[in-house]
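See structure below.
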Amino acid sequence: MKNSRRLLMVAILLLATCATALAKKGDNFQVGNKTFLLNGKPFVVKAAEVHYPRIPREYWDHRIKMCKALGMNTLCLYVFWNIHEQREGEFNFTGNNDVAEFCRLAQKNGMYVIVRPGPYVCAEWEMGGLPWWLLKKKDIRLREQDPYFMERVKIFEQKVGEQLAPLTIQHGGPIIMIQVENEYGSYGEDKPYVSEIRDCLRGIYGPEMALFQCDWSSNFEKNGLDDLTWTMNFGTGANIDQQFRRLGELRPNAPKMCSEFWSGWFDKWGARHETRPAKDMVEGMDEMLSKGISFSLYMTHGGTSFGHWAGANSPGFAPDVTSYDYDAPINEWGLATPKFWELREMMAKYNDGKKMPTVPKAPMPIITVPKFELTEFSSMLNGEDPDLKMPVRKEGGLVTFEEMDLGWGSMLYMTKLPEIPARSVITADFHDFAQIFINGKYIGKIDRVKNEKSLTLPPVKKGDELEILVEAMGRINFGRAIKDFKGIVGEVAISAVVDEVETTWKPQQWTKYGMSDDYRKAVNAFANNHDLTKDDSHLRLGTPPKWNKDGLDLVSKRGYYRGYFMLKKVGDTFLNFETWGIGQVWVNGHAMGRIWSIGPQQTLYVPGCWLKKGKNEVIVLDVVGPKEAVVWGQAEPELNKLQLEKTNKHNNIGDKPDLNSATPVATGSFKAGNGWQTVKFNSQKKGRYLAIECLSTQKENDRVAIAELYLQGADGKRLSREPWTTKYADSEEENGNHTGDKVYDLQESTYWQTERGSSLPHLLVIDLGEEQTVGALEYLPRAEQAAPGSIKDFKIYLY
């Protein structure tokens with residue numbers, strides 16, 4: 001027994017020595033001549049990007065050890081403002097939000113830390129990490145020197161600093177670098193704003209802390225500050241020398257670092273699961289290490305956007321799925337993938353001759369759960385909870401979620417209609433998924449994802465009630481559209497032709513009922529369950545309408561479902577929800593994330609640390625209603641099963657323009673190679689539709705590919721691509737998600753690509769949303785070496 005105790009004490013002392021040997025007070029991390037310096041010695045940063053809110057706290061240690069087993073020496077993490085300050089002035093750095101503990105755990109495992117505290121982070125996270133309550137000030141200028149925005153930013157950064165400043169390397173902690181803002185060149189050009197963020201962080205972390213900023217090689221000069229380290233972001237397969245070419249010209253003695261080397265990509269609802277070849281990732285990292293280039297692998301482990309934290313991408317509106325698997329080397333549930341083993345083998349060459357760290361065992365087994373039914377139901381209109389600190393009823397005009405002090409969930413808007421004896425069309429800007437009812441009977445849906453804004457209504461009688469149920473999905477996390485209000489934004493117009501006269505009604509008096517997607521609201525819905533189909537209890541909101549009690553769609557299946565399953569042993573599992581509609585799921589009170597039957601994700605990852613032996617509770621809030629209220633747990637996730645009304649391809653022959661007699665606005669040939677190219681038109685042209693006809697490629701028998709397109713307006717500036725949609729593509733590779741919308745998705749690493757074996761010429765047509773005056777087109781080929789799929793000869797049309 002004494003020997004056992006002695007061995008235990010030795011082990012504890014060794015662990016403490018390892019932790020303190022990593023960094024001690026007085027250590028430093030600096031920018032040297034063509035290299036980073038750790039205590040004066042050259043140091044190559046080999047960072048693994050991981051996000052603590054996307055990992056259950058109980059699994060933090062395992063995921064860190066998995067990253068270390070890849071040969072990484074650093075962890076890179078974002079700090080998500082909106083998860084720490086969910087309501088203004090109320091900060092939370094406990095539990096899964098304990099970022100300081102995550103950093104301490106990294107140090108215990110012999111890892112350094114890079115912190116990226118925003119205030120904006122992107123990360124396919126709700127509103128890019130900015131808190132929704134900023135939008136209660138409707139005229140706020142986000143990510144600019146707006147007085148209120150900057151006031152709140154500095155308060156937040158100070159609160160983060162209280163947690164992390166004691167953990168910098170200068171104080172013996174693991175934090176070696178701090179990032180200033182995030183990819184600002186994709187948002188705008190505003191050096192004074194970036195400078196103020198820099199000054200804020202320097203004041204918090206001290207003059208010796210290494211500060212850096214990241215951007216793309218195409219735009220980093222817009223906001224690059226002289227006293228910050230510049231790093232580049234790019235993806236697997238990129239031409240690495242090309243990515244650092246301009247930086248090398250401007251700062252030949254600066255160290256090089258890829259601060260986001262994208263291992264895969266994120267998924268969005270209604271599109272195929274994204275994957276990237278392991279070979280491209282490993283070869284790119286091998287090349288960087290052979291040249292002494294530092295990196296952070298984004299993502300090394302993606303994890304899960306639990307609850308309502310998944311964001312949405314833009315242009316358009318493309319909400320992200322719950323899974324943040326990212327096709328990363330460590331998968332969503334923390335296990336090694338084939339990518340992991342290929343990467344580990346390569347990384348062993350750069351481990352200073354030392355043996356690679358041991359790959360840890362999984363903290364939990366994978367289990368299955370037999371199919372079970374959720375037998376309890378309560379309408380989503382039940383369960384008003386005064387403790388949620390928000391008004392759930394409000395009379396008067398239309399308001400957004402933010403004006404109702406509602407961050408997430410749903411809103412029911414109700415108004416009385418005049419007599420409209422003919423069919424009419426309702427039009428509005430619904431954010432995001434609207435269902436229309438008249439007297440409780442379902443009429444149809446308006447889906448922002450599909451850019452829908454209108455719906456045909458049947459004739460109505462005076463006093464009939466119009467109900468609009470709006471479900472908010474993730475706020476946009478990228479580009480200028482991050483100012484993404486939820487609910488009905490603007491007016492509702494109802495137009496009809498009555499007695500040969502076109503008439504429009506714009507209702508001014510509405511009753512609003514706000515419903516958060518909060519677990520307490522869900523539980524309260526069952527506690528206060530009552531029959532909402534009776535006339536005398538209509539929504540508990542006032543005078544009841546004269547509804548027909550049969551088939552009240554609004555309250556009969558849209559709501560909360562509860563069921564239970566029993567476990568003899570706990571483990572990670574994947575609950576399948578493919579028979580359900582749209583909504584949120586809670587397991588034992590933990591918010592698991594969004595479900596949507598369209599896919600590609602059909603399962604939710606449920607960590608075993610949140611399950612228990614015996615009885616486990618599942619609650620589903622379904623705003624559409626399920627086909628069958630059943631759930632089961634399987635041993636593998638389903639991340640690539642689409643259940644769409646129609647294909648994503650833009651190949652409807654009726655949308656193909658007849659260009660035989662049309663005159664191109666430009667013809668010519670692009671140059672070979674990487675980088676942006678501009679085609680100036682002989683004169684400015686007007687049109688709503690852009691058609692680019694690809695006649696040949698730079699390499700014979702190559703498939704056509706375009707990474708990005710921009711149009712320049714009459715003033716020579718880039719036109720907004722927010723309203724753009726793909727109208728037609730004669731060929732597009734759907735399985736790789738290389739569809740036409742990739743040419744305006746604000747991501748230079750994604751691209752439209754034609755299918756293998758398809759014949760030239762190829763045609764892509766973009767709907768600009770309205771007629772525009774255009775003077776030039778900007779074209780970006782793929783970012784990889786030799787720019788595969790580059791167009792040579794082309795014709796451009798505007799009509």
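Labels for the structure tokens follow display order: chains A, B, ..., residues from 1 in each chain, ligands from 1.
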
Could you make a table, as a tab-separated table, of the residues of stretch 211-239 of chain A that have an atom within 12 Å of an atom of stretch 286-296 of chain A, each with its nearest atom pair and distance in Å to one decimal, counting only C-alpha atoms, in chain and number order?
```
residue	atom	partner	partner_atom	distance
A:Cys214	CA	A:Ser296	CA	11.4
A:Thr231	CA	A:Phe295	CA	9.1
A:Met232	CA	A:Phe295	CA	9.3
A:Asn233	CA	A:Ser296	CA	9.3
A:Phe234	CA	A:Phe295	CA	10.4
A:Gly235	CA	A:Ser296	CA	11.1
A:Thr236	CA	A:Glu287	CA	11.4
A:Gly237	CA	A:Glu287	CA	10.9
A:Ala238	CA	A:Glu287	CA	11.0
A:Asn239	CA	A:Glu287	CA	10.3
```

Residue neighbourhood stretch 773-790 of chain A, 8 Å, only C-alpha atoms, exclusion window fewer than 3 positions, as a VMD selection string = chain A and resid 237 to 239 672 to 687 697 to 699 702 to 714 716 748 to 751 753

Near A:Tyr52, within 9 Å and counting only C-alpha atoms, which residues show up once chain neighbours fewer than 2 positions away are dropped, as a compact mmCIF listing (two decimals) with all heavy atoms, in the first residue's frame?
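Dumped to out_7.txt:
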```
# COMPACT_ATOMS: atom_id res chain seq x y z
N VAL A 50 -10.36 24.03 -31.70
CA VAL A 50 -11.47 23.38 -31.01
C VAL A 50 -12.27 24.47 -30.31
O VAL A 50 -11.72 25.50 -29.94
CB VAL A 50 -10.98 22.32 -29.99
CG1 VAL A 50 -10.39 21.11 -30.68
CG2 VAL A 50 -9.98 22.91 -29.02
N ARG A 54 -18.82 23.71 -27.91
CA ARG A 54 -19.29 22.64 -28.80
C ARG A 54 -18.90 21.26 -28.30
O ARG A 54 -19.14 20.26 -28.98
CB ARG A 54 -18.73 22.87 -30.21
CG ARG A 54 -19.46 23.99 -30.96
CD ARG A 54 -18.86 24.31 -32.29
NE ARG A 54 -19.83 24.97 -33.16
CZ ARG A 54 -19.54 25.94 -34.01
NH1 ARG A 54 -18.29 26.40 -34.11
NH2 ARG A 54 -20.48 26.47 -34.78
N ILE A 55 -18.30 21.19 -27.10
CA ILE A 55 -17.87 19.94 -26.50
C ILE A 55 -18.41 19.88 -25.07
O ILE A 55 -18.22 20.84 -24.31
CB ILE A 55 -16.32 19.84 -26.45
CG1 ILE A 55 -15.72 20.11 -27.82
CG2 ILE A 55 -15.88 18.48 -25.91
CD1 ILE A 55 -14.21 20.32 -27.79
N PRO A 56 -19.07 18.81 -24.65
CA PRO A 56 -19.47 18.71 -23.24
C PRO A 56 -18.25 18.83 -22.33
O PRO A 56 -17.19 18.25 -22.61
CB PRO A 56 -20.10 17.32 -23.14
CG PRO A 56 -20.52 16.98 -24.54
CD PRO A 56 -19.50 17.63 -25.42
N ARG A 57 -18.38 19.58 -21.26
CA ARG A 57 -17.25 19.80 -20.37
C ARG A 57 -16.62 18.48 -19.91
O ARG A 57 -15.40 18.39 -19.75
CB ARG A 57 -17.70 20.62 -19.17
CG ARG A 57 -16.58 20.91 -18.18
CD ARG A 57 -16.99 21.92 -17.13
NE ARG A 57 -15.92 22.13 -16.15
CZ ARG A 57 -15.76 23.24 -15.47
NH1 ARG A 57 -16.59 24.26 -15.65
NH2 ARG A 57 -14.78 23.38 -14.58
N TRP A 60 -13.90 17.49 -22.31
CA TRP A 60 -12.83 18.42 -22.69
C TRP A 60 -11.46 17.76 -22.65
O TRP A 60 -10.66 17.88 -23.57
CB TRP A 60 -12.83 19.63 -21.75
CG TRP A 60 -13.90 20.65 -22.03
CD1 TRP A 60 -14.79 20.64 -23.07
CD2 TRP A 60 -14.19 21.82 -21.26
NE1 TRP A 60 -15.62 21.74 -23.00
CE2 TRP A 60 -15.27 22.47 -21.90
CE3 TRP A 60 -13.65 22.36 -20.11
CZ2 TRP A 60 -15.81 23.66 -21.40
CZ3 TRP A 60 -14.19 23.55 -19.60
CH2 TRP A 60 -15.26 24.19 -20.25
N LEU A 77 -8.80 28.66 -30.01
CA LEU A 77 -10.22 28.69 -29.67
C LEU A 77 -10.82 30.07 -29.82
O LEU A 77 -10.14 31.08 -29.61
CB LEU A 77 -10.44 28.17 -28.25
CG LEU A 77 -9.72 28.88 -27.10
CD1 LEU A 77 -10.59 30.00 -26.51
CD2 LEU A 77 -9.35 27.90 -26.01
N TYR A 78 -12.09 30.10 -30.20
CA TYR A 78 -12.88 31.32 -30.19
C TYR A 78 -13.50 31.51 -28.81
O TYR A 78 -13.77 30.53 -28.09
CB TYR A 78 -14.02 31.23 -31.19
CG TYR A 78 -13.68 31.54 -32.63
CD1 TYR A 78 -14.03 30.65 -33.65
CD2 TYR A 78 -13.05 32.72 -32.98
CE1 TYR A 78 -13.75 30.94 -34.98
CE2 TYR A 78 -12.77 33.02 -34.31
CZ TYR A 78 -13.12 32.12 -35.30
OH TYR A 78 -12.85 32.42 -36.61
N VAL A 79 -13.78 32.77 -28.45
CA VAL A 79 -14.61 33.09 -27.30
C VAL A 79 -15.92 33.65 -27.85
O VAL A 79 -15.92 34.67 -28.54
CB VAL A 79 -13.93 34.11 -26.36
CG1 VAL A 79 -14.84 34.39 -25.16
CG2 VAL A 79 -12.58 33.59 -25.90
N ASN A 96 -20.09 24.71 -18.85
CA ASN A 96 -19.54 24.57 -20.20
C ASN A 96 -19.01 25.89 -20.75
O ASN A 96 -18.37 25.93 -21.80
CB ASN A 96 -20.61 24.01 -21.15
CG ASN A 96 -20.15 22.73 -21.82
OD1 ASN A 96 -20.30 21.67 -21.25
ND2 ASN A 96 -19.56 22.81 -23.01
N ASN A 97 -19.27 26.99 -20.05
CA ASN A 97 -18.76 28.31 -20.46
C ASN A 97 -17.45 28.68 -19.78
O ASN A 97 -16.97 29.80 -19.95
CB ASN A 97 -19.80 29.40 -20.13
CG ASN A 97 -20.98 29.38 -21.08
OD1 ASN A 97 -21.01 28.62 -22.04
ND2 ASN A 97 -21.97 30.20 -20.79
N ASP A 98 -16.88 27.78 -19.01
CA ASP A 98 -15.70 28.09 -18.21
C ASP A 98 -14.45 28.03 -19.09
O ASP A 98 -13.66 27.09 -19.04
CB ASP A 98 -15.58 27.12 -17.04
CG ASP A 98 -14.59 27.58 -15.99
OD1 ASP A 98 -13.79 28.50 -16.29
OD2 ASP A 98 -14.60 27.02 -14.87
N VAL A 99 -14.26 29.08 -19.87
CA VAL A 99 -13.15 29.11 -20.82
C VAL A 99 -11.81 29.10 -20.11
O VAL A 99 -10.82 28.53 -20.62
CB VAL A 99 -13.28 30.34 -21.76
CG1 VAL A 99 -13.25 31.64 -20.98
CG2 VAL A 99 -12.20 30.33 -22.82
N PHE A 102 -10.92 25.57 -19.36
CA PHE A 102 -10.50 24.89 -20.59
C PHE A 102 -9.02 25.19 -20.87
O PHE A 102 -8.25 24.30 -21.24
CB PHE A 102 -11.37 25.32 -21.76
CG PHE A 102 -11.15 24.53 -23.02
CD1 PHE A 102 -11.81 23.35 -23.23
CD2 PHE A 102 -10.26 24.98 -23.99
CE1 PHE A 102 -11.61 22.60 -24.39
CE2 PHE A 102 -10.04 24.25 -25.15
CZ PHE A 102 -10.72 23.06 -25.34
N GLY A 303 -17.13 19.25 -33.24
CA GLY A 303 -18.13 19.11 -32.19
C GLY A 303 -19.53 19.40 -32.66
O GLY A 303 -19.89 19.13 -33.81
```

Name all residues at most 8 Å from A:Asp190 (count only C-alpha atoms; drop same-chain ones fewer than 4 positions away) and give them as a list of chain:residue names.
-> A:Glu144, A:Val194, A:Lys222, A:Asn223

Export of the given selection (C-alpha atoms) as an mmCIF file, in the first residue's frame:
```cif
data_model
loop_
_atom_site.group_PDB
_atom_site.id
_atom_site.type_symbol
_atom_site.label_atom_id
_atom_site.label_comp_id
_atom_site.auth_asym_id
_atom_site.auth_seq_id
_atom_site.Cartn_x
_atom_site.Cartn_y
_atom_site.Cartn_z
ATOM 1 C CA GLU A 144 -18.104 49.576 -36.523
ATOM 2 C CA VAL A 194 -9.835 47.482 -36.007
ATOM 3 C CA LYS A 222 -7.537 46.429 -46.441
ATOM 4 C CA ASN A 223 -7.288 46.433 -42.658
#
```

Using only C-alpha atoms, what does the table of stretch 393-484 of chain A residues within 12 Å of stretch 624-638 of chain A look like, with each row giving the shortest atom pair and its distance in Å to one decimal, sorted by chain and ascending number, as a tab-separated table?
```
residue	atom	partner	partner_atom	distance
A:Ser410	CA	A:Val624	CA	11.8
A:Phe433	CA	A:Val624	CA	10.2
A:Ala434	CA	A:Val624	CA	10.3
A:Gln435	CA	A:Val624	CA	8.5
A:Ile436	CA	A:Val624	CA	11.5
A:Tyr442	CA	A:Val624	CA	10.4
A:Gly444	CA	A:Val624	CA	11.1
A:Lys445	CA	A:Val624	CA	10.0
A:Leu469	CA	A:Val624	CA	10.0
A:Val470	CA	A:Val624	CA	11.0
A:Glu471	CA	A:Val624	CA	9.9
```

May I ask for the distance between atom CA of A:Lys506 and atom CA of A:Asp447, given in Å to one decimal place?
-> 20.9 Å

Distance query A:Met127 at most 6 Å, only C-alpha atoms, self and fewer than 2 positions along chain excluded, as a list in words = Gly129, Leu130, Arg475, Ile476, Asn477 and Ile482 of chain A
